[in-house]
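Source file: upload_7.txt; contents: compact mmCIF, N, CA and C atoms and all ligand atoms.
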```txt
# COMPACT_ATOMS: atom_id res chain seq x y z
N MET A 7 59.18 50.40 -37.43
CA MET A 7 60.10 49.59 -38.20
C MET A 7 61.18 50.45 -38.83
N GLY A 8 60.79 51.63 -39.27
CA GLY A 8 61.75 52.46 -39.98
C GLY A 8 63.00 52.77 -39.18
N ILE A 9 62.83 53.16 -37.94
CA ILE A 9 64.00 53.55 -37.17
C ILE A 9 64.88 52.36 -36.82
N HIS A 10 64.39 51.16 -37.04
CA HIS A 10 65.20 49.98 -36.74
C HIS A 10 66.06 49.55 -37.91
N HIS A 11 65.85 50.14 -39.05
CA HIS A 11 66.56 49.69 -40.24
C HIS A 11 67.42 50.80 -40.82
N THR A 12 68.72 50.58 -40.75
CA THR A 12 69.68 51.56 -41.23
C THR A 12 70.45 50.96 -42.40
N VAL A 13 70.44 51.69 -43.51
CA VAL A 13 71.17 51.22 -44.68
C VAL A 13 72.41 52.10 -44.88
N THR A 14 73.49 51.46 -45.25
CA THR A 14 74.72 52.17 -45.58
C THR A 14 75.13 51.81 -47.01
N VAL A 15 75.25 52.83 -47.83
CA VAL A 15 75.72 52.64 -49.21
C VAL A 15 77.14 53.19 -49.29
N THR A 16 78.06 52.37 -49.74
CA THR A 16 79.42 52.86 -49.99
C THR A 16 79.69 52.73 -51.48
N THR A 17 80.54 53.64 -51.97
CA THR A 17 80.82 53.66 -53.40
C THR A 17 82.34 53.64 -53.63
N ARG A 18 82.69 53.36 -54.85
CA ARG A 18 84.09 53.45 -55.26
C ARG A 18 84.11 54.02 -56.67
N VAL A 19 85.28 54.52 -57.07
CA VAL A 19 85.42 55.06 -58.41
C VAL A 19 86.24 54.08 -59.24
N ASP A 20 85.63 53.61 -60.33
CA ASP A 20 86.33 52.73 -61.25
C ASP A 20 87.06 53.58 -62.30
N ASP A 21 88.20 53.11 -62.73
CA ASP A 21 88.96 53.77 -63.80
C ASP A 21 89.23 55.24 -63.47
N GLU A 22 89.65 55.44 -62.22
CA GLU A 22 89.84 56.81 -61.76
C GLU A 22 90.86 57.54 -62.64
N GLY A 23 90.53 58.76 -62.97
CA GLY A 23 91.45 59.59 -63.75
C GLY A 23 91.41 59.33 -65.25
N THR A 24 90.56 58.43 -65.69
CA THR A 24 90.44 58.18 -67.13
C THR A 24 89.11 58.72 -67.63
N PRO A 25 88.93 58.79 -68.95
CA PRO A 25 87.64 59.27 -69.46
C PRO A 25 86.48 58.36 -69.07
N ASP A 26 86.79 57.11 -68.75
CA ASP A 26 85.74 56.16 -68.37
C ASP A 26 85.42 56.20 -66.88
N GLU A 27 86.05 57.10 -66.17
CA GLU A 27 85.85 57.16 -64.72
C GLU A 27 84.36 57.15 -64.39
N ARG A 28 84.05 56.29 -63.45
CA ARG A 28 82.65 56.19 -63.08
C ARG A 28 82.53 55.77 -61.63
N ARG A 29 81.67 56.44 -60.89
CA ARG A 29 81.44 56.05 -59.50
C ARG A 29 80.42 54.92 -59.48
N ARG A 30 80.75 53.89 -58.72
CA ARG A 30 79.86 52.73 -58.65
C ARG A 30 79.54 52.40 -57.19
N VAL A 31 78.46 51.66 -57.01
CA VAL A 31 78.12 51.19 -55.67
C VAL A 31 79.05 50.04 -55.30
N ALA A 32 79.72 50.16 -54.17
CA ALA A 32 80.59 49.08 -53.70
C ALA A 32 79.82 48.11 -52.81
N SER A 33 79.01 48.65 -51.94
CA SER A 33 78.23 47.76 -51.08
C SER A 33 77.00 48.47 -50.56
N VAL A 34 75.98 47.65 -50.31
CA VAL A 34 74.75 48.14 -49.70
C VAL A 34 74.47 47.21 -48.53
N THR A 35 74.56 47.74 -47.34
CA THR A 35 74.32 46.89 -46.17
C THR A 35 73.19 47.46 -45.34
N MET A 36 72.43 46.58 -44.73
CA MET A 36 71.32 47.00 -43.88
C MET A 36 71.51 46.37 -42.51
N VAL A 37 71.35 47.20 -41.49
CA VAL A 37 71.45 46.71 -40.12
C VAL A 37 70.09 46.88 -39.46
N CYS A 38 69.63 45.82 -38.82
CA CYS A 38 68.35 45.85 -38.11
C CYS A 38 68.63 45.85 -36.62
N THR A 39 68.04 46.82 -35.92
CA THR A 39 68.20 46.88 -34.46
C THR A 39 66.87 46.68 -33.75
N ALA A 40 65.95 46.02 -34.42
CA ALA A 40 64.62 45.83 -33.85
C ALA A 40 64.65 44.89 -32.65
N GLU A 41 63.67 45.07 -31.77
CA GLU A 41 63.48 44.15 -30.66
C GLU A 41 62.96 42.83 -31.21
N PRO A 42 63.19 41.74 -30.46
CA PRO A 42 62.71 40.43 -30.93
C PRO A 42 61.21 40.40 -31.22
N THR A 43 60.46 41.22 -30.48
CA THR A 43 59.00 41.18 -30.65
C THR A 43 58.51 42.12 -31.75
N ASP A 44 59.42 42.88 -32.38
CA ASP A 44 58.99 43.78 -33.44
C ASP A 44 58.54 43.00 -34.67
N GLY A 45 57.76 43.66 -35.49
CA GLY A 45 57.13 43.00 -36.63
C GLY A 45 58.09 42.32 -37.59
N CYS A 46 59.26 42.93 -37.82
CA CYS A 46 60.18 42.37 -38.81
C CYS A 46 60.86 41.11 -38.30
N ARG A 47 60.73 40.83 -37.00
CA ARG A 47 61.38 39.63 -36.45
C ARG A 47 60.35 38.64 -35.93
N THR A 48 59.09 38.89 -36.27
CA THR A 48 58.02 38.02 -35.82
C THR A 48 57.27 37.49 -37.02
N TYR A 49 57.30 36.19 -37.23
CA TYR A 49 56.49 35.61 -38.29
C TYR A 49 56.10 34.18 -37.94
N PRO A 50 55.32 33.55 -38.80
CA PRO A 50 54.78 32.26 -38.39
C PRO A 50 55.87 31.19 -38.26
N ARG A 51 55.74 30.40 -37.23
CA ARG A 51 56.66 29.29 -37.02
C ARG A 51 56.63 28.33 -38.22
N CYS A 52 55.48 28.26 -38.86
CA CYS A 52 55.32 27.35 -40.01
C CYS A 52 55.90 27.93 -41.30
N ASP A 53 56.40 29.17 -41.25
CA ASP A 53 57.01 29.80 -42.43
C ASP A 53 56.02 30.06 -43.55
N CYS A 54 54.74 30.03 -43.27
CA CYS A 54 53.78 30.45 -44.28
C CYS A 54 54.06 31.91 -44.64
N GLU A 55 53.89 32.23 -45.91
CA GLU A 55 54.21 33.59 -46.33
C GLU A 55 53.03 34.54 -46.20
N VAL A 56 51.86 33.99 -46.09
CA VAL A 56 50.69 34.84 -45.95
C VAL A 56 50.12 34.64 -44.55
N PHE A 57 50.04 35.73 -43.82
CA PHE A 57 49.51 35.63 -42.47
C PHE A 57 48.93 36.97 -42.06
N GLN A 58 48.04 36.93 -41.12
CA GLN A 58 47.40 38.15 -40.63
C GLN A 58 47.39 38.11 -39.13
N TRP A 59 48.27 38.87 -38.53
CA TRP A 59 48.32 38.85 -37.07
C TRP A 59 47.03 39.38 -36.49
N ASN A 60 46.64 38.74 -35.42
CA ASN A 60 45.42 39.09 -34.72
C ASN A 60 45.77 39.91 -33.48
N PRO A 61 45.36 41.17 -33.44
CA PRO A 61 45.74 42.00 -32.28
C PRO A 61 45.22 41.44 -30.96
N LEU A 62 44.20 40.62 -31.04
CA LEU A 62 43.62 40.08 -29.82
C LEU A 62 44.29 38.80 -29.36
N ASP A 63 45.13 38.23 -30.21
CA ASP A 63 45.74 36.96 -29.86
C ASP A 63 47.25 37.02 -30.12
N PRO A 64 48.05 37.07 -29.06
CA PRO A 64 49.49 37.20 -29.26
C PRO A 64 50.16 35.93 -29.76
N ARG A 65 49.44 34.82 -29.82
CA ARG A 65 50.10 33.56 -30.16
C ARG A 65 49.78 33.03 -31.56
N PHE A 66 48.57 33.30 -32.02
CA PHE A 66 48.18 32.76 -33.32
C PHE A 66 47.58 33.85 -34.19
N ASP A 67 47.68 33.69 -35.47
CA ASP A 67 47.03 34.66 -36.35
C ASP A 67 45.61 34.19 -36.62
N ARG A 68 44.94 34.92 -37.51
CA ARG A 68 43.51 34.64 -37.72
C ARG A 68 43.27 33.26 -38.30
N GLU A 69 44.28 32.71 -38.97
CA GLU A 69 44.10 31.39 -39.59
C GLU A 69 44.80 30.30 -38.81
N GLY A 70 45.32 30.65 -37.64
CA GLY A 70 45.90 29.63 -36.79
C GLY A 70 47.39 29.40 -36.93
N HIS A 71 48.07 30.24 -37.74
CA HIS A 71 49.53 30.11 -37.82
C HIS A 71 50.11 30.58 -36.50
N GLU A 72 51.04 29.81 -35.97
CA GLU A 72 51.62 30.16 -34.68
C GLU A 72 52.64 31.27 -34.86
N ARG A 73 52.51 32.29 -34.04
CA ARG A 73 53.37 33.47 -34.13
C ARG A 73 54.65 33.22 -33.34
N GLU A 74 55.78 33.52 -33.97
CA GLU A 74 57.05 33.31 -33.30
C GLU A 74 57.90 34.57 -33.38
N SER A 75 58.33 35.06 -32.22
CA SER A 75 59.16 36.26 -32.17
C SER A 75 60.63 35.87 -32.07
N GLY A 76 61.50 36.88 -32.19
CA GLY A 76 62.92 36.65 -31.98
C GLY A 76 63.62 35.98 -33.14
N ARG A 77 62.99 35.99 -34.30
CA ARG A 77 63.63 35.38 -35.47
C ARG A 77 64.51 36.43 -36.16
N ASP A 78 65.19 36.03 -37.21
CA ASP A 78 66.01 36.99 -37.94
C ASP A 78 65.09 37.96 -38.66
N CYS A 79 65.55 39.17 -38.78
CA CYS A 79 64.78 40.19 -39.50
C CYS A 79 64.54 39.73 -40.93
N TRP A 80 63.27 39.68 -41.34
CA TRP A 80 62.98 39.20 -42.70
C TRP A 80 63.56 40.14 -43.76
N LEU A 81 63.65 41.42 -43.42
CA LEU A 81 64.13 42.37 -44.40
C LEU A 81 65.65 42.23 -44.62
N SER A 82 66.36 41.84 -43.56
CA SER A 82 67.82 41.66 -43.69
C SER A 82 68.16 40.70 -44.80
N GLU A 83 67.38 39.63 -44.86
CA GLU A 83 67.65 38.59 -45.84
C GLU A 83 67.61 39.15 -47.27
N TRP A 84 66.65 40.01 -47.53
CA TRP A 84 66.53 40.58 -48.87
C TRP A 84 67.73 41.44 -49.21
N PHE A 85 68.23 42.18 -48.21
CA PHE A 85 69.42 42.99 -48.47
C PHE A 85 70.64 42.10 -48.67
N GLU A 86 70.75 41.04 -47.87
CA GLU A 86 71.90 40.15 -48.01
C GLU A 86 71.92 39.51 -49.40
N ASN A 87 70.77 39.24 -49.94
CA ASN A 87 70.68 38.64 -51.27
C ASN A 87 70.77 39.68 -52.39
N GLY A 88 70.84 40.95 -52.03
CA GLY A 88 70.83 42.00 -53.04
C GLY A 88 69.48 42.13 -53.73
N SER A 89 68.43 41.69 -53.06
CA SER A 89 67.11 41.66 -53.69
C SER A 89 66.17 42.75 -53.19
N ALA A 90 66.65 43.60 -52.32
CA ALA A 90 65.85 44.74 -51.89
C ALA A 90 66.10 45.86 -52.88
N VAL A 91 65.03 46.44 -53.40
CA VAL A 91 65.15 47.40 -54.49
C VAL A 91 64.88 48.82 -54.00
N TYR A 92 65.78 49.70 -54.37
CA TYR A 92 65.64 51.11 -54.00
C TYR A 92 64.58 51.77 -54.88
N ALA A 93 63.69 52.53 -54.26
CA ALA A 93 62.57 53.11 -55.01
C ALA A 93 62.51 54.63 -54.89
N GLY A 94 63.61 55.25 -54.47
CA GLY A 94 63.64 56.72 -54.39
C GLY A 94 63.64 57.35 -55.77
N ASP A 95 63.39 58.65 -55.82
CA ASP A 95 63.30 59.34 -57.11
C ASP A 95 64.60 59.30 -57.90
N ASP A 96 65.73 59.17 -57.20
CA ASP A 96 67.02 59.18 -57.89
C ASP A 96 67.53 57.77 -58.16
N PHE A 97 66.61 56.82 -58.31
CA PHE A 97 67.01 55.42 -58.53
C PHE A 97 67.84 55.26 -59.80
N ASP A 98 68.69 54.23 -59.78
CA ASP A 98 69.58 53.94 -60.92
C ASP A 98 69.07 52.69 -61.62
N ASP A 99 68.46 52.87 -62.80
CA ASP A 99 67.85 51.71 -63.46
C ASP A 99 68.89 50.83 -64.16
N MET A 100 70.18 51.17 -64.05
CA MET A 100 71.21 50.29 -64.58
C MET A 100 71.55 49.18 -63.59
N ARG A 101 71.08 49.30 -62.39
CA ARG A 101 71.37 48.30 -61.36
C ARG A 101 70.10 47.55 -60.98
N ASP A 102 70.24 46.26 -60.71
CA ASP A 102 69.08 45.46 -60.32
C ASP A 102 68.44 46.00 -59.05
N ASP A 103 69.29 46.47 -58.11
CA ASP A 103 68.72 46.98 -56.86
C ASP A 103 68.45 48.48 -56.91
N CYS A 104 68.74 49.10 -58.07
CA CYS A 104 68.40 50.50 -58.33
C CYS A 104 69.06 51.51 -57.39
N VAL A 105 70.05 51.07 -56.63
CA VAL A 105 70.69 51.99 -55.68
C VAL A 105 71.64 52.92 -56.42
N PRO A 106 71.46 54.24 -56.27
CA PRO A 106 72.38 55.17 -56.94
C PRO A 106 73.73 55.20 -56.22
N ALA A 107 74.76 55.52 -56.98
CA ALA A 107 76.13 55.50 -56.45
C ALA A 107 76.42 56.77 -55.66
N ILE A 108 75.82 56.85 -54.50
CA ILE A 108 76.02 58.00 -53.61
C ILE A 108 76.30 57.44 -52.23
N ASP A 109 77.43 57.83 -51.64
CA ASP A 109 77.72 57.37 -50.28
C ASP A 109 76.68 57.95 -49.34
N ARG A 110 76.04 57.08 -48.61
CA ARG A 110 74.99 57.57 -47.73
C ARG A 110 74.67 56.53 -46.68
N THR A 111 74.28 56.99 -45.50
CA THR A 111 73.76 56.07 -44.50
C THR A 111 72.58 56.72 -43.82
N GLY A 112 71.59 55.93 -43.49
CA GLY A 112 70.42 56.50 -42.85
C GLY A 112 69.32 55.48 -42.66
N HIS A 113 68.29 55.91 -41.94
CA HIS A 113 67.13 55.06 -41.74
C HIS A 113 66.34 54.95 -43.04
N ILE A 114 65.68 53.83 -43.20
CA ILE A 114 64.90 53.63 -44.42
C ILE A 114 63.44 53.34 -44.08
N VAL A 115 62.61 53.48 -45.07
CA VAL A 115 61.21 53.07 -44.95
C VAL A 115 60.91 52.09 -46.08
N LEU A 116 59.96 51.23 -45.80
CA LEU A 116 59.52 50.29 -46.81
C LEU A 116 58.44 50.97 -47.63
N ALA A 117 58.71 51.18 -48.91
CA ALA A 117 57.75 51.89 -49.74
C ALA A 117 56.64 50.95 -50.22
N GLU A 118 57.07 49.79 -50.70
CA GLU A 118 56.09 48.84 -51.22
C GLU A 118 56.66 47.45 -51.11
N PHE A 119 55.79 46.48 -51.17
CA PHE A 119 56.25 45.11 -51.27
C PHE A 119 55.36 44.37 -52.26
N HIS A 120 55.93 44.03 -53.40
CA HIS A 120 55.17 43.19 -54.33
C HIS A 120 55.85 41.83 -54.32
N ASP A 121 56.78 41.62 -55.24
CA ASP A 121 57.53 40.36 -55.20
C ASP A 121 58.83 40.54 -54.42
N TRP A 122 59.18 41.76 -54.12
CA TRP A 122 60.37 42.07 -53.34
C TRP A 122 60.10 43.39 -52.64
N PRO A 123 60.90 43.66 -51.58
CA PRO A 123 60.70 44.93 -50.87
C PRO A 123 61.33 46.10 -51.63
N GLU A 124 60.61 47.20 -51.68
CA GLU A 124 61.13 48.43 -52.26
C GLU A 124 61.26 49.45 -51.13
N TRP A 125 62.42 50.05 -51.06
CA TRP A 125 62.69 50.94 -49.92
C TRP A 125 63.09 52.33 -50.38
N LYS A 126 62.93 53.27 -49.45
CA LYS A 126 63.35 54.65 -49.68
C LYS A 126 64.03 55.15 -48.41
N TRP A 127 64.78 56.22 -48.55
CA TRP A 127 65.36 56.84 -47.36
C TRP A 127 64.25 57.48 -46.55
N MET A 128 64.32 57.32 -45.25
CA MET A 128 63.32 57.93 -44.39
C MET A 128 63.45 59.45 -44.46
N GLY A 129 62.31 60.14 -44.48
CA GLY A 129 62.33 61.58 -44.46
C GLY A 129 62.36 62.22 -45.84
N GLU A 130 62.46 61.42 -46.89
CA GLU A 130 62.37 61.99 -48.24
C GLU A 130 60.92 62.45 -48.43
N PRO A 131 60.73 63.54 -49.18
CA PRO A 131 59.37 64.06 -49.34
C PRO A 131 58.40 63.03 -49.90
N SER A 132 58.90 62.11 -50.73
CA SER A 132 58.00 61.16 -51.36
C SER A 132 57.81 59.88 -50.55
N SER A 133 58.45 59.82 -49.39
CA SER A 133 58.31 58.61 -48.58
C SER A 133 56.90 58.49 -48.03
N PRO A 134 56.38 57.29 -48.01
CA PRO A 134 55.05 57.11 -47.42
C PRO A 134 55.15 57.21 -45.90
N ASP A 135 54.02 57.42 -45.29
CA ASP A 135 53.99 57.41 -43.83
C ASP A 135 54.24 55.99 -43.37
N PHE A 136 55.27 55.81 -42.60
CA PHE A 136 55.63 54.44 -42.30
C PHE A 136 54.60 53.72 -41.45
N GLY A 137 53.95 54.46 -40.57
CA GLY A 137 52.98 53.82 -39.67
C GLY A 137 51.93 53.04 -40.43
N SER A 138 51.47 53.60 -41.54
CA SER A 138 50.40 52.92 -42.26
C SER A 138 50.91 51.64 -42.91
N THR A 139 52.18 51.64 -43.34
CA THR A 139 52.73 50.45 -43.95
C THR A 139 52.82 49.32 -42.93
N GLU A 140 53.28 49.68 -41.74
CA GLU A 140 53.43 48.67 -40.70
C GLU A 140 52.08 48.09 -40.32
N GLU A 141 51.09 48.94 -40.28
CA GLU A 141 49.76 48.47 -39.92
C GLU A 141 49.26 47.45 -40.96
N LYS A 142 49.56 47.74 -42.22
CA LYS A 142 49.13 46.83 -43.27
C LYS A 142 49.82 45.46 -43.12
N ASN A 143 51.12 45.50 -42.81
CA ASN A 143 51.85 44.24 -42.64
C ASN A 143 51.34 43.42 -41.47
N ASP A 144 50.91 44.13 -40.44
CA ASP A 144 50.48 43.43 -39.24
C ASP A 144 49.00 43.02 -39.35
N GLY A 145 48.37 43.34 -40.46
CA GLY A 145 46.96 43.00 -40.62
C GLY A 145 46.14 44.06 -39.95
ZN ZN A 201 51.07 28.42 -41.42
ZN ZN A 202 64.27 44.31 -38.92
```
Take the structure in the file and write it out as structure tokens.
Amino acid sequence: MGIHHTVTVTTRVDDEGTPDERRRVASVTMVCTAEPTDGCRTYPRCDCEVFQWNPLDPRFDREGHERESGRDCWLSEWFENGSAVYAGDDFDDMRDDCVPAIDRTGHIVLAEFHDWPEWKWMGEPSSPDFGSTEEKNDG
């Protein structure tokens, strides 16, 4: 999943040249290049939020929710809503999404998911091993 998700942060400087000059985040965009059958684009046709994919059954999960591939990346939606929260060590707690005002683009990993997804840049020393996260999501 990690290599399919690229985030680009762009910044701008407000009040340039004044004592109040401050660099701010202008936009945070995420692009998903996952295959239709990848985990982030596969979820229940019934839109149930809790599901456990069954490795032995490509069509239904353990509780009978029908599995549907080729949908929109679920993570994209969180970024579009500004609801994906940055969880790296240099997070900015003045912003709801905690993204620091540093121009950057790169692959991301999902650090945690409680009520919203928390992400980090891939390859940061504190990033979790992505494989284990994906396994948890897939049941
Ligand atoms: Zn269901
Ligand atoms: Zn995706």
task = Could you please write out, as a PyMOL selection string, every residue of chain A that DSSP assigns to strand (DSSP E)?
result = chain A and resi 11-20+28-38+49-50+73-74+91-92+110-119+123-127
request  = Give the residues close to ligand ZN 202 (chain A), within 10 Å, counting only C-alpha atoms and all ligand atoms; write them as a ChimeraX atom specification.
outcome  = /A:7-12,36-42,44-48,77-83
Residues from the last selection, N, CA and C atoms, saved as an mmCIF file, in the coordinates of the input:
```cif
data_model
loop_
_atom_site.group_PDB
_atom_site.id
_atom_site.type_symbol
_atom_site.label_atom_id
_atom_site.label_comp_id
_atom_site.auth_asym_id
_atom_site.auth_seq_id
_atom_site.Cartn_x
_atom_site.Cartn_y
_atom_site.Cartn_z
ATOM 1 N N MET A 7 59.180 50.400 -37.430
ATOM 2 C CA MET A 7 60.100 49.590 -38.200
ATOM 3 C C MET A 7 61.180 50.450 -38.830
ATOM 4 N N GLY A 8 60.790 51.630 -39.270
ATOM 5 C CA GLY A 8 61.750 52.460 -39.980
ATOM 6 C C GLY A 8 63.000 52.770 -39.180
ATOM 7 N N ILE A 9 62.830 53.160 -37.940
ATOM 8 C CA ILE A 9 64.000 53.550 -37.170
ATOM 9 C C ILE A 9 64.880 52.360 -36.820
ATOM 10 N N HIS A 10 64.390 51.160 -37.040
ATOM 11 C CA HIS A 10 65.200 49.980 -36.740
ATOM 12 C C HIS A 10 66.060 49.550 -37.910
ATOM 13 N N HIS A 11 65.850 50.140 -39.050
ATOM 14 C CA HIS A 11 66.560 49.690 -40.240
ATOM 15 C C HIS A 11 67.420 50.800 -40.820
ATOM 16 N N THR A 12 68.720 50.580 -40.750
ATOM 17 C CA THR A 12 69.680 51.560 -41.230
ATOM 18 C C THR A 12 70.450 50.960 -42.400
ATOM 19 N N MET A 36 72.430 46.580 -44.730
ATOM 20 C CA MET A 36 71.320 47.000 -43.880
ATOM 21 C C MET A 36 71.510 46.370 -42.510
ATOM 22 N N VAL A 37 71.350 47.200 -41.490
ATOM 23 C CA VAL A 37 71.450 46.710 -40.120
ATOM 24 C C VAL A 37 70.090 46.880 -39.460
ATOM 25 N N CYS A 38 69.630 45.820 -38.820
ATOM 26 C CA CYS A 38 68.350 45.850 -38.110
ATOM 27 C C CYS A 38 68.630 45.850 -36.620
ATOM 28 N N THR A 39 68.040 46.820 -35.920
ATOM 29 C CA THR A 39 68.200 46.880 -34.460
ATOM 30 C C THR A 39 66.870 46.680 -33.750
ATOM 31 N N ALA A 40 65.950 46.020 -34.420
ATOM 32 C CA ALA A 40 64.620 45.830 -33.850
ATOM 33 C C ALA A 40 64.650 44.890 -32.650
ATOM 34 N N GLU A 41 63.670 45.070 -31.770
ATOM 35 C CA GLU A 41 63.480 44.150 -30.660
ATOM 36 C C GLU A 41 62.960 42.830 -31.210
ATOM 37 N N PRO A 42 63.190 41.740 -30.460
ATOM 38 C CA PRO A 42 62.710 40.430 -30.930
ATOM 39 C C PRO A 42 61.210 40.400 -31.220
ATOM 40 N N ASP A 44 59.420 42.880 -32.380
ATOM 41 C CA ASP A 44 58.990 43.780 -33.440
ATOM 42 C C ASP A 44 58.540 43.000 -34.670
ATOM 43 N N GLY A 45 57.760 43.660 -35.490
ATOM 44 C CA GLY A 45 57.130 43.000 -36.630
ATOM 45 C C GLY A 45 58.090 42.320 -37.590
ATOM 46 N N CYS A 46 59.260 42.930 -37.820
ATOM 47 C CA CYS A 46 60.180 42.370 -38.810
ATOM 48 C C CYS A 46 60.860 41.110 -38.300
ATOM 49 N N ARG A 47 60.730 40.830 -37.000
ATOM 50 C CA ARG A 47 61.380 39.630 -36.450
ATOM 51 C C ARG A 47 60.350 38.640 -35.930
ATOM 52 N N THR A 48 59.090 38.890 -36.270
ATOM 53 C CA THR A 48 58.020 38.020 -35.820
ATOM 54 C C THR A 48 57.270 37.490 -37.020
ATOM 55 N N ARG A 77 62.990 35.990 -34.300
ATOM 56 C CA ARG A 77 63.630 35.380 -35.470
ATOM 57 C C ARG A 77 64.510 36.430 -36.160
ATOM 58 N N ASP A 78 65.190 36.030 -37.210
ATOM 59 C CA ASP A 78 66.010 36.990 -37.940
ATOM 60 C C ASP A 78 65.090 37.960 -38.660
ATOM 61 N N CYS A 79 65.550 39.170 -38.780
ATOM 62 C CA CYS A 79 64.780 40.190 -39.500
ATOM 63 C C CYS A 79 64.540 39.730 -40.930
ATOM 64 N N TRP A 80 63.270 39.680 -41.340
ATOM 65 C CA TRP A 80 62.980 39.200 -42.700
ATOM 66 C C TRP A 80 63.560 40.140 -43.760
ATOM 67 N N LEU A 81 63.650 41.420 -43.420
ATOM 68 C CA LEU A 81 64.130 42.370 -44.400
ATOM 69 C C LEU A 81 65.650 42.230 -44.620
ATOM 70 N N SER A 82 66.360 41.840 -43.560
ATOM 71 C CA SER A 82 67.820 41.660 -43.690
ATOM 72 C C SER A 82 68.160 40.700 -44.800
ATOM 73 N N GLU A 83 67.380 39.630 -44.860
ATOM 74 C CA GLU A 83 67.650 38.590 -45.840
ATOM 75 C C GLU A 83 67.610 39.150 -47.270
#
```
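The space between atom N of A:Trp125 and atom CA of A:Glu55 spans 19.0 Å.
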ask   = Using only N, CA and C atoms, which of the listed residues (A:Ala93, A:Thr14, A:Thr111, A:Phe85) sits closest to A:Lys126?
value = A:Ala93
Taking only N, CA and C atoms and all ligand atoms into account, produce a table as a tab-separated table in which each residue of chain A with an atom at most 6 Å from an atom of ligand ZN 201 (chain A) appears once, together with its shortest atom pair and the distance in Å to one decimal, ordered by chain and rising number.
```
residue	atom	partner	partner_atom	distance
A:Cys52	CA	A:ZN201	ZN	4.6
A:Asp53	N	A:ZN201	ZN	5.4
A:Cys54	N	A:ZN201	ZN	4.4
A:Gly70	C	A:ZN201	ZN	5.9
A:His71	CA	A:ZN201	ZN	4.3
A:Glu72	N	A:ZN201	ZN	5.6
```
inquiry  = Between atom N of A:Thr16 and atom N of A:Thr43, what distance in Å does the model show, to one decimal?
reply    = 28.4 Å
request  = Can you check which residues of chain A DSSP gives as alpha helix (DSSP H) on the backbone and send them as a PyMOL selection string?
outcome  = chain A and resi 80-86+136-143
Output for the residues just chosen: N, CA and C atoms as a tab-separated table (two decimals), in the frame of the given file:
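Everything below was put into part-v7.tsv:
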```tsv
chain	number	residue	atom	x	y	z
A	80	TRP	N	63.27	39.68	-41.34
A	80	TRP	CA	62.98	39.20	-42.70
A	80	TRP	C	63.56	40.14	-43.76
A	81	LEU	N	63.65	41.42	-43.42
A	81	LEU	CA	64.13	42.37	-44.40
A	81	LEU	C	65.65	42.23	-44.62
A	82	SER	N	66.36	41.84	-43.56
A	82	SER	CA	67.82	41.66	-43.69
A	82	SER	C	68.16	40.70	-44.80
A	83	GLU	N	67.38	39.63	-44.86
A	83	GLU	CA	67.65	38.59	-45.84
A	83	GLU	C	67.61	39.15	-47.27
A	84	TRP	N	66.65	40.01	-47.53
A	84	TRP	CA	66.53	40.58	-48.87
A	84	TRP	C	67.73	41.44	-49.21
A	85	PHE	N	68.23	42.18	-48.21
A	85	PHE	CA	69.42	42.99	-48.47
A	85	PHE	C	70.64	42.10	-48.67
A	86	GLU	N	70.75	41.04	-47.87
A	86	GLU	CA	71.90	40.15	-48.01
A	86	GLU	C	71.92	39.51	-49.40
A	136	PHE	N	55.27	55.81	-42.60
A	136	PHE	CA	55.63	54.44	-42.30
A	136	PHE	C	54.60	53.72	-41.45
A	137	GLY	N	53.95	54.46	-40.57
A	137	GLY	CA	52.98	53.82	-39.67
A	137	GLY	C	51.93	53.04	-40.43
A	138	SER	N	51.47	53.60	-41.54
A	138	SER	CA	50.40	52.92	-42.26
A	138	SER	C	50.91	51.64	-42.91
A	139	THR	N	52.18	51.64	-43.34
A	139	THR	CA	52.73	50.45	-43.95
A	139	THR	C	52.82	49.32	-42.93
A	140	GLU	N	53.28	49.68	-41.74
A	140	GLU	CA	53.43	48.67	-40.70
A	140	GLU	C	52.08	48.09	-40.32
A	141	GLU	N	51.09	48.94	-40.28
A	141	GLU	CA	49.76	48.47	-39.92
A	141	GLU	C	49.26	47.45	-40.96
A	142	LYS	N	49.56	47.74	-42.22
A	142	LYS	CA	49.13	46.83	-43.27
A	142	LYS	C	49.82	45.46	-43.12
A	143	ASN	N	51.12	45.50	-42.81
A	143	ASN	CA	51.85	44.24	-42.64
A	143	ASN	C	51.34	43.42	-41.47
```
